[in-house]
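Engineer: Encoded as structure tokens, here's the structure I'll be asking about.
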Amino acid sequence: MGNKVEQWSSKLAFILAAAGSAIGLGAIWKFPYVAGTSGGGVFFLIFILFTVLVGLPLLLGEFIIGRSTQKDAIQSYKQIAPNSSWHIIGRLGIVTCFILLSFYSVIGGWILIYIFKGITGGLSGLTEQGYSDLFVQSISNPGLTVFAQFLFLLFTIVVVSKGVSNGIEKANRFMMPALFIIFIVLIIRSLSLDGAMEGISFFLKPDFAKLTSETILYAMGQSFFALSVGVSVMVTYSSYLPKNENLPQSAISIVSLSLMVAFLAGLAIFPAVFSFGLEPDAGPVLLFNVLPTVFNQMPFGVVFLIAFLLLFLFATLTSAFSLLEIVVAPVAKGDEIKRKKFSWIFGLCIFIVGIPSTLSYGVLSHITLFDKSIFDAADFLVSNILMPLGSLLIAIFVPLKLSKETLFNELSQGSSISKKLFVIWYMLLKYVAPVVIIFVFLDVLGII
């Protein structure tokens with residue numbers, strides 16, 4: 001079969017899929033707890049700056065690589081820089097996505113457990129402490145968590161094995177709009193709670209006394225995580241675009257959606273956290289302890305909670321689809337039979353690799369790597385080392401291997417980008433992004 005058979009059916013399909021990949025757990029699960037542990041408002045401000053000044057230029061860089069070559073994360077680099085080692089960026093991205101999905105699927109499993117508990121009445125009428133105890137009890141059950149993680153990956157495998165337009169696109173078309181609707185309902189309820197303003201102040205008012213080098217590193221890592229940049233996800237997704245797609249417009253749409261969801265997630269979570277006297281720095285468990293407590297105060301709260309958990313699951317799956325797609329695409333090479341076969345092979349391998357992360361809150365909780373649980377160590381490796389490293393390499397690669405003229409022509413196809421805007425983007429990508437990434441790294445390592 002030919003090397004290129006996959007394509008998005010429309011621009012909207014691409015934006016929903018790319019935004020789904022970017023938004024997923026990054027904005028809904030991870031953003032509130034990283035913001036909560038990293039200073040609230042000052043973290044959010046730096047996160048916005050990184051997303052616009054570094055994330056957006058990188059996103060466009062990945063779009064250019066993918067659409068210009070119409071190839072996957074490895075072959076695209078090989079086509080632009082033949083007889084060189086630059087394709088290692090794509091390979092690094094695939095390894096990163098593999099590790100990321102291995103611990104990401106753990107959260108997917110937790111969501112499935114909570115949906116089941118919600119439907120069977122296990123989430124009704126508990127106290128705040130009761131929800132906290134239930135969560136600890138759920139995630140420390142080895143059989144339950146491993147089975148739930150397997151179910152989550154099983155669904156991911158089935159969708160990705162069906163391909164881009166039949167699988168990923170159809171799923172996203174329904175999931176993304178529904179997510180926004182339920183978010184608005186949750187925010188309205190959260191803002192109406194007593195003490196909500198304290199939470200809004202924590203989230204939106206920067207306190208520069210809380211600014212540390214770690215806050216900056218986490219904000220940078222979160223901006224890459226929230227846009228799926230640095231792992232060549234967007235190289236692969238943009239390779240399914242027609243040549244006349246407006247890349248700048250698509251990139252701005254995805255960045256805007258990503259920032260908006262982070263903003264909505266903060267508005268949904270922090271007013272509730274402060275209203276119920278909970279700690280904003282509770283970490284990864286924040287969503288599973290806070291939201292049931294909020295919904296429990298509402299009429300028909302369990303119905304809303306189940307609806308939110310379903311949409312949380314959808315958002316998680318949209319990211320999972322993109323992560324598995326990046327791993328599968330280079331070996332499938334547009335062949336439907338290979339796609340099915342390797343979706344299953346890689347999906348099951350990811351499941352096996354993810355089991356230690358699943359068990360790191362239970363039977364393996366005594367094992368730590370660099371003073372972190374297995375789950376947290378995998379998360380730190382991906383968000384704060386591999387993603388920034390991949391982003392740095394892409395920021396160097398694009399201006400080095402593609403001439404200014406080629407880049408301008410690529411961005412001009414389907415858009416009317418001015419020379420002035422092009423120069424700003426080029427400067428941000430070539431000079432600002434690498435310098436910022438290196439500076440933050442050196443600072444955290446204590447070298448500067």
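Note on naming: chains are A, B, ... as they come in the structure tokens, residues start from 1 per chain, ligands start from 1 in the order shown.
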List the spatial neighbours of A:Asn409 as a ChimeraX atom specification - criterion: any atom at most 12 Å away, only C-alpha atoms, same-chain residues fewer than 3 positions off excluded.
Structural biologist: /A:64,68,243-244,246-247,402-406,412-419,422
Engineer: Take the residues from that selection and put them in a file with N, CA and C atoms, as a PDB file, in the first residue's frame.
Structural biologist:
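Output saved as out.pdb:
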ATOM      1  N   ILE A  64       4.943  22.852  10.642  1.00  0.00           N
ATOM      2  CA  ILE A  64       5.677  23.002   9.372  1.00  0.00           C
ATOM      3  C   ILE A  64       6.383  21.696   9.013  1.00  0.00           C
ATOM      4  N   SER A  68       4.796  19.891   5.680  1.00  0.00           N
ATOM      5  CA  SER A  68       5.674  20.018   4.511  1.00  0.00           C
ATOM      6  C   SER A  68       6.131  18.661   3.997  1.00  0.00           C
ATOM      7  N   LYS A 243      -2.276  20.617   2.031  1.00  0.00           N
ATOM      8  CA  LYS A 243      -1.241  21.654   1.882  1.00  0.00           C
ATOM      9  C   LYS A 243      -1.778  23.084   2.004  1.00  0.00           C
ATOM     10  N   ASN A 244      -3.083  23.257   1.811  1.00  0.00           N
ATOM     11  CA  ASN A 244      -3.622  24.630   1.834  1.00  0.00           C
ATOM     12  C   ASN A 244      -4.184  25.014   3.205  1.00  0.00           C
ATOM     13  N   ASN A 246      -4.429  26.632   6.833  1.00  0.00           N
ATOM     14  CA  ASN A 246      -3.889  27.857   7.443  1.00  0.00           C
ATOM     15  C   ASN A 246      -3.229  27.478   8.778  1.00  0.00           C
ATOM     16  N   LEU A 247      -1.914  27.286   8.746  1.00  0.00           N
ATOM     17  CA  LEU A 247      -1.206  26.806   9.941  1.00  0.00           C
ATOM     18  C   LEU A 247      -1.208  27.810  11.105  1.00  0.00           C
ATOM     19  N   LEU A 402      15.793  24.370   7.720  1.00  0.00           N
ATOM     20  CA  LEU A 402      14.849  24.915   6.739  1.00  0.00           C
ATOM     21  C   LEU A 402      15.164  26.399   6.550  1.00  0.00           C
ATOM     22  N   SER A 403      15.334  26.810   5.319  1.00  0.00           N
ATOM     23  CA  SER A 403      15.689  28.212   5.063  1.00  0.00           C
ATOM     24  C   SER A 403      14.526  29.131   5.419  1.00  0.00           C
ATOM     25  N   LYS A 404      14.854  30.399   5.654  1.00  0.00           N
ATOM     26  CA  LYS A 404      13.818  31.387   5.966  1.00  0.00           C
ATOM     27  C   LYS A 404      12.750  31.424   4.877  1.00  0.00           C
ATOM     28  N   GLU A 405      13.215  31.330   3.629  1.00  0.00           N
ATOM     29  CA  GLU A 405      12.298  31.389   2.477  1.00  0.00           C
ATOM     30  C   GLU A 405      11.339  30.200   2.501  1.00  0.00           C
ATOM     31  N   THR A 406      11.878  29.011   2.754  1.00  0.00           N
ATOM     32  CA  THR A 406      11.042  27.805   2.822  1.00  0.00           C
ATOM     33  C   THR A 406      10.020  27.920   3.943  1.00  0.00           C
ATOM     34  N   SER A 412       2.891  30.649   4.622  1.00  0.00           N
ATOM     35  CA  SER A 412       2.034  31.461   3.740  1.00  0.00           C
ATOM     36  C   SER A 412       0.981  30.625   3.024  1.00  0.00           C
ATOM     37  N   GLN A 413       1.228  29.333   2.876  1.00  0.00           N
ATOM     38  CA  GLN A 413       0.257  28.469   2.188  1.00  0.00           C
ATOM     39  C   GLN A 413      -1.035  28.420   2.986  1.00  0.00           C
ATOM     40  N   GLY A 414      -2.099  28.918   2.398  1.00  0.00           N
ATOM     41  CA  GLY A 414      -3.397  28.904   3.075  1.00  0.00           C
ATOM     42  C   GLY A 414      -3.586  30.027   4.062  1.00  0.00           C
ATOM     43  N   SER A 415      -2.553  30.890   4.248  1.00  0.00           N
ATOM     44  CA  SER A 415      -2.703  32.006   5.176  1.00  0.00           C
ATOM     45  C   SER A 415      -2.100  33.269   4.566  1.00  0.00           C
ATOM     46  N   SER A 416      -2.393  34.406   5.165  1.00  0.00           N
ATOM     47  CA  SER A 416      -1.840  35.668   4.658  1.00  0.00           C
ATOM     48  C   SER A 416      -0.949  36.293   5.732  1.00  0.00           C
ATOM     49  N   ILE A 417      -0.055  35.490   6.276  1.00  0.00           N
ATOM     50  CA  ILE A 417       0.834  35.962   7.339  1.00  0.00           C
ATOM     51  C   ILE A 417       1.768  37.045   6.793  1.00  0.00           C
ATOM     52  N   SER A 418       1.900  38.139   7.547  1.00  0.00           N
ATOM     53  CA  SER A 418       2.750  39.236   7.076  1.00  0.00           C
ATOM     54  C   SER A 418       4.216  38.905   7.362  1.00  0.00           C
ATOM     55  N   LYS A 419       5.099  39.593   6.658  1.00  0.00           N
ATOM     56  CA  LYS A 419       6.545  39.410   6.865  1.00  0.00           C
ATOM     57  C   LYS A 419       6.927  39.748   8.318  1.00  0.00           C
ATOM     58  N   PHE A 422       5.948  36.984  10.619  1.00  0.00           N
ATOM     59  CA  PHE A 422       6.850  35.863  10.349  1.00  0.00           C
ATOM     60  C   PHE A 422       8.181  36.076  11.065  1.00  0.00           C
TER      61      PHE A 422
END
Engineer: Show me, as number ranges by chain, the residues that have an atom within 10 Å of A:Ile200 when counting only C-alpha atoms, minus same-chain residues fewer than 3 positions from it.
Structural biologist: A: 40-41, 191, 195-197, 203-205, 266-272, 274
Engineer: Choose the residue, out of A:Ile139, A:Met260, A:Cys349, A:Leu386, that has the smallest atom-to-atom separation from A:Leu112; count only C-alpha atoms.
Structural biologist: A:Ile139
Engineer: If you run DSSP over the backbone, which residues in stretch 158-276 of chain A end up alpha helix (DSSP H)? Put them as a ChimeraX atom specification.
Structural biologist: /A:158-161,170-191,196-204,213-227,233-238,247-275
Engineer: From the set A:Phe288, A:Tyr104, A:Phe351, A:Phe295, which residue has the shortest atom-to-atom contact distance to A:Phe150, counting only C-alpha atoms?
Structural biologist: A:Phe351
Engineer: Could you list, as number ranges by chain, every residue within 9 Å of A:Val273, counting only C-alpha atoms and ignoring same-chain residues fewer than 2 positions away?
Structural biologist: A: 196, 199, 269-271, 275-280, 286, 290-291, 294
Engineer: Now that the selection is made, can you save its residues with C-alpha atoms as a PDB file, in the first residue's frame?
Structural biologist:
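Writing the result to result.pdb gives the following:
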ATOM      1  CA  ALA A 196     -15.047  31.146  46.438  1.00  0.00           C
ATOM      2  CA  GLY A 199      -9.835  30.611  45.566  1.00  0.00           C
ATOM      3  CA  ILE A 269     -11.290  23.772  41.132  1.00  0.00           C
ATOM      4  CA  PHE A 270      -9.757  26.551  43.265  1.00  0.00           C
ATOM      5  CA  PRO A 271     -12.934  28.305  44.500  1.00  0.00           C
ATOM      6  CA  SER A 275     -14.606  26.983  50.056  1.00  0.00           C
ATOM      7  CA  PHE A 276     -14.264  23.538  51.656  1.00  0.00           C
ATOM      8  CA  GLY A 277     -11.039  24.391  53.466  1.00  0.00           C
ATOM      9  CA  LEU A 278      -8.993  21.896  51.462  1.00  0.00           C
ATOM     10  CA  GLU A 279      -5.332  22.356  50.556  1.00  0.00           C
ATOM     11  CA  PRO A 280      -4.621  23.590  46.992  1.00  0.00           C
ATOM     12  CA  LEU A 286      -6.834  17.030  43.958  1.00  0.00           C
ATOM     13  CA  VAL A 290     -12.343  18.060  45.564  1.00  0.00           C
ATOM     14  CA  LEU A 291     -14.881  17.528  42.780  1.00  0.00           C
ATOM     15  CA  VAL A 294     -18.409  19.978  45.387  1.00  0.00           C
TER      16      VAL A 294
END
Engineer: Identify which of the residues A:Phe103, A:Phe147, A:Trp29, A:Phe14 lies closest to A:Phe312, counting only C-alpha atoms when measuring atom-to-atom distances.
Structural biologist: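 Closest candidate: A:Trp29.
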Engineer: Excluding stretch 324-332 of chain A and any residue of its chain fewer than 3 positions from it, enumerate the residues within 7 Å of it, using only C-alpha atoms, and give them as a PDB file with N, CA and C atoms, in the first residue's frame.
Structural biologist:
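For reference, around_33.pdb as written:
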ATOM      1  N   ASP A  72       5.436  10.783   9.040  1.00  0.00           N
ATOM      2  CA  ASP A  72       5.364  10.585  10.489  1.00  0.00           C
ATOM      3  C   ASP A  72       6.556  11.216  11.208  1.00  0.00           C
ATOM      4  N   ALA A  73       6.589  11.018  12.529  1.00  0.00           N
ATOM      5  CA  ALA A  73       7.563  11.703  13.388  1.00  0.00           C
ATOM      6  C   ALA A  73       9.018  11.335  13.133  1.00  0.00           C
ATOM      7  N   ILE A  74       9.279  10.196  12.501  1.00  0.00           N
ATOM      8  CA  ILE A  74      10.675   9.846  12.194  1.00  0.00           C
ATOM      9  C   ILE A  74      11.019  10.202  10.751  1.00  0.00           C
ATOM     10  N   ILE A  94       8.764   9.598  20.349  1.00  0.00           N
ATOM     11  CA  ILE A  94       8.027   8.332  20.443  1.00  0.00           C
ATOM     12  C   ILE A  94       8.254   7.678  21.813  1.00  0.00           C
ATOM     13  N   PHE A  98       5.462   7.051  24.688  1.00  0.00           N
ATOM     14  CA  PHE A  98       5.318   5.692  25.227  1.00  0.00           C
ATOM     15  C   PHE A  98       5.293   5.744  26.759  1.00  0.00           C
ATOM     16  N   VAL A 160      -7.586   3.853  17.906  1.00  0.00           N
ATOM     17  CA  VAL A 160      -6.411   4.149  17.077  1.00  0.00           C
ATOM     18  C   VAL A 160      -6.260   3.118  15.953  1.00  0.00           C
ATOM     19  N   VAL A 233       4.110  14.908  18.500  1.00  0.00           N
ATOM     20  CA  VAL A 233       2.685  14.595  18.302  1.00  0.00           C
ATOM     21  C   VAL A 233       2.140  15.467  17.174  1.00  0.00           C
ATOM     22  N   THR A 236       3.157  14.600  13.578  1.00  0.00           N
ATOM     23  CA  THR A 236       2.341  13.520  12.994  1.00  0.00           C
ATOM     24  C   THR A 236       0.940  13.999  12.662  1.00  0.00           C
ATOM     25  N   ALA A 320      -4.863  10.288  24.914  1.00  0.00           N
ATOM     26  CA  ALA A 320      -4.324   8.928  24.778  1.00  0.00           C
ATOM     27  C   ALA A 320      -4.283   8.502  23.311  1.00  0.00           C
ATOM     28  N   PHE A 321      -5.316   8.885  22.540  1.00  0.00           N
ATOM     29  CA  PHE A 321      -5.324   8.545  21.105  1.00  0.00           C
ATOM     30  C   PHE A 321      -4.074   9.101  20.423  1.00  0.00           C
ATOM     31  N   ASP A 335      -0.462   1.735   6.194  1.00  0.00           N
ATOM     32  CA  ASP A 335      -0.996   0.409   5.894  1.00  0.00           C
ATOM     33  C   ASP A 335      -2.002   0.013   6.984  1.00  0.00           C
ATOM     34  N   LYS A 338      -1.139  -3.175   9.062  1.00  0.00           N
ATOM     35  CA  LYS A 338      -0.044  -2.903  10.013  1.00  0.00           C
ATOM     36  C   LYS A 338      -0.543  -2.022  11.162  1.00  0.00           C
ATOM     37  N   ARG A 339      -1.401  -1.041  10.839  1.00  0.00           N
ATOM     38  CA  ARG A 339      -1.934  -0.146  11.873  1.00  0.00           C
ATOM     39  C   ARG A 339      -2.659  -0.959  12.939  1.00  0.00           C
ATOM     40  N   PHE A 342      -0.013  -3.222  14.943  1.00  0.00           N
ATOM     41  CA  PHE A 342       0.904  -2.509  15.840  1.00  0.00           C
ATOM     42  C   PHE A 342       0.178  -1.694  16.909  1.00  0.00           C
ATOM     43  N   SER A 343      -1.081  -1.315  16.648  1.00  0.00           N
ATOM     44  CA  SER A 343      -1.878  -0.666  17.704  1.00  0.00           C
ATOM     45  C   SER A 343      -2.000  -1.616  18.891  1.00  0.00           C
TER      46      SER A 343
END
Engineer: With only C-alpha atoms as the atoms that count, which of A:Pro356, A:Pro206, A:Gly122, A:Pro388 lies nearest to A:Ser373?
Structural biologist: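 Under the stated criterion, the closest residue is A:Pro356.
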Engineer: Using only C-alpha atoms, find the one residue out of A:Leu12, A:Ile48, A:Leu154, A:Val136 that sits nearest to A:Leu317.
Structural biologist: A:Leu154
Engineer: Select, from A:Ser223, A:Thr215, A:Asn384, A:Ser360, the residue with the minimum atom-to-atom distance to A:Gly36, counting only C-alpha atoms.
Structural biologist: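 For A:Gly36, the nearest of the given residues is A:Thr215.
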Engineer: To one decimal place in Å, what is the distance between atom CA of A:Thr51 and atom CA of A:Leu428?
Structural biologist: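 Result for atom CA of A:Thr51 versus atom CA of A:Leu428: 11.9 Å, one decimal.
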